[in-house]
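In what follows, a structure is listed as structure tokens, so that the remarks can point back to it.
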Amino acid sequence: MEYQRNIVIAVFAMIAVFAIGVTGYKVIEEDWTLLHSIFMTVITLTTVGYADYNMSDEGKIFTVALILGGIGVLGYGISITATFIIEGQLQEVFLKRRMEKSIDKLSNHYIVCGVGDTGVHALDELIHLNADFVAIERDQVQIEHLLKTRHFHYVQGDATEDEVLIRAGIDRAQGLIASLSTDQDNLFVVLSAKQLNRSLRITSKAVEESSRAKLTKAGADDVVLADQIGGLRLVSTVISPIVVDFLDDMLKHQVTTRFAESTIQSESPFLGLTLNDARIPDETGLVVVAVRNRAGDIIYNPSGNLRLDEGDALIVIADNRQLGILNQLTRDTL
């Protein structure tokens with residue numbers, strides 16, 4: 001803002017000097033036309049050289065003063081403009097380099113490819129969860145717009161290019177969200193991401209129902225049809241409004257209390273026990289609302305006789321403290 005103010009001052013100073021020159025010549029040299037006065041002012045301020053056109057002594061003295069004043073104002077304007085450009089570029093380079101160093105330090109983070117109409121909601125949710133993530137967006141204007149109200153790591157570029165994904169630290173990331181505007185672009189992202197990091201968990205947006213199978217085959221672990229989700233939400237708010245309010249309230253407060261999962265590892269004392277024998281409510285204060293076994297099947301409201309095996313994911317409603325206790329018992333480090 002300071003540089004912009006100085007530039008405005010310099011522009012007005014040049015206009016003022018020009019106006020003074022034209023007025024001065026017109027008053028001192030009474031027989032000169034307005035065009036003659038303008039011409040003399042221009043060639044004087046630009047110091048291109050000229051004849052004096054039978055100028056009076058008063059006119060010559062005025063010309064000397066005009067040259068000195070013009071050089072001073074012009075020099076001030078050039079220095080301010082140069083400083084604005086050079087320091088602005090240096091600041092941009094510095095901020096970009098600092099961002100790159102910060103991203104290089106991230107690990108087990110998430111990558112959001114595309115922060116447009118859909119991706120911006122994923123970005124906001126990750127910010128709300130205080131999760132480490134990097135946004136990739138091709139449109140610099142969109143990035144600058146979001147940065148006015150948010151702070152996040154980003155890489156400006158095309159997410160379908162391997163080099164851009166590498167800059168976002170894909171080799172160290174644990175998850176990726178592909179939310180570009182077309183299914184074709186999301187397909188390219190999924191293919192590239194899976195090649196660069198085989199263990200990466202990928203969720204992709206899809207516009208067309210026919211794209212779901214292609215994205216899954218390319219390596220996406222989950223495919224979300226935005227229009228389908230919107231339709232389901234509309235029906236749910238009509239049929240089960242209280243349930244929807246409950247889930248919405250949980251999402252708003254999910255930094256403290258949320259649906260969470262904890263996967264049983266080989267070192268867990270729960271291994272081989274039934275839910276009753278594990279006594280999870282006594283140990284953690286939690287109720288297991290569902291279990292996803294290694295085959296991917298989800299068992300809702302599991303009975304106490306369900307035997308727990310390695311790889312089973314316990315789904316609970318927990319706050320951070322309770323989830324921490326449960327993770328210690330399951331030996332889940334994520």
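By order of appearance in the structure tokens: chains A, B, ..., then residues from 1 within every chain, and ligands from 1 in the order shown.
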
### Task
as an MDAnalysis selection string, list the residues of range 124-284 of chain A assigned to alpha helix (DSSP H) by DSSP on the backbone atoms of this structure.
chainID A and resid 124:128 140:147 162:167 183:196 211:218 226:239 241:252 275:278 280:284

### Task
Would you mind listing what lies within 12 Å of range 121-126 of chain A as a VMD selection string, with only C-alpha atoms counted and same-chain residues fewer than 6 positions away left out?
chain A and resid 109 to 115 132 to 137 143 146 to 147 149 to 154 175 to 180 203 to 205 226 251 to 255

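A straight line drawn from CA of Lys26 in chain A to CA of Asn54 in chain A is 14.1 Å long.
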
### Task
Show which residues sit within 9 Å of Ile166 in chain A, as a PyMOL selection string. Count only C-alpha atoms, and ignore same-chain residues fewer than 5 positions away.
chain A and resi 161+171+196

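We find CA of Arg201 in chain A and CA of Ile170 in chain A to be spaced 11.0 Å apart.
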
### Query
Hey, can you check how far CA of Val190 in chain A sits from CA of Ile264 in chain A?
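Value for the CA of Val190 in chain A-CA of Ile264 in chain A distance: 28.3 Å.
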
### Query
Looking at A:Arg98, A:Arg307, A:Arg292, A:Arg5, which one is nearest to Thr81 in chain A, with distances taken over only C-alpha atoms?
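Result for the nearest residue to Thr81 in chain A: A:Arg5.
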
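Shortest separation to Asp227 in chain A among A:Thr118, A:Asn197, A:Gln156, A:Val316 occurs at residue A:Thr118, atoms counted being only C-alpha atoms.
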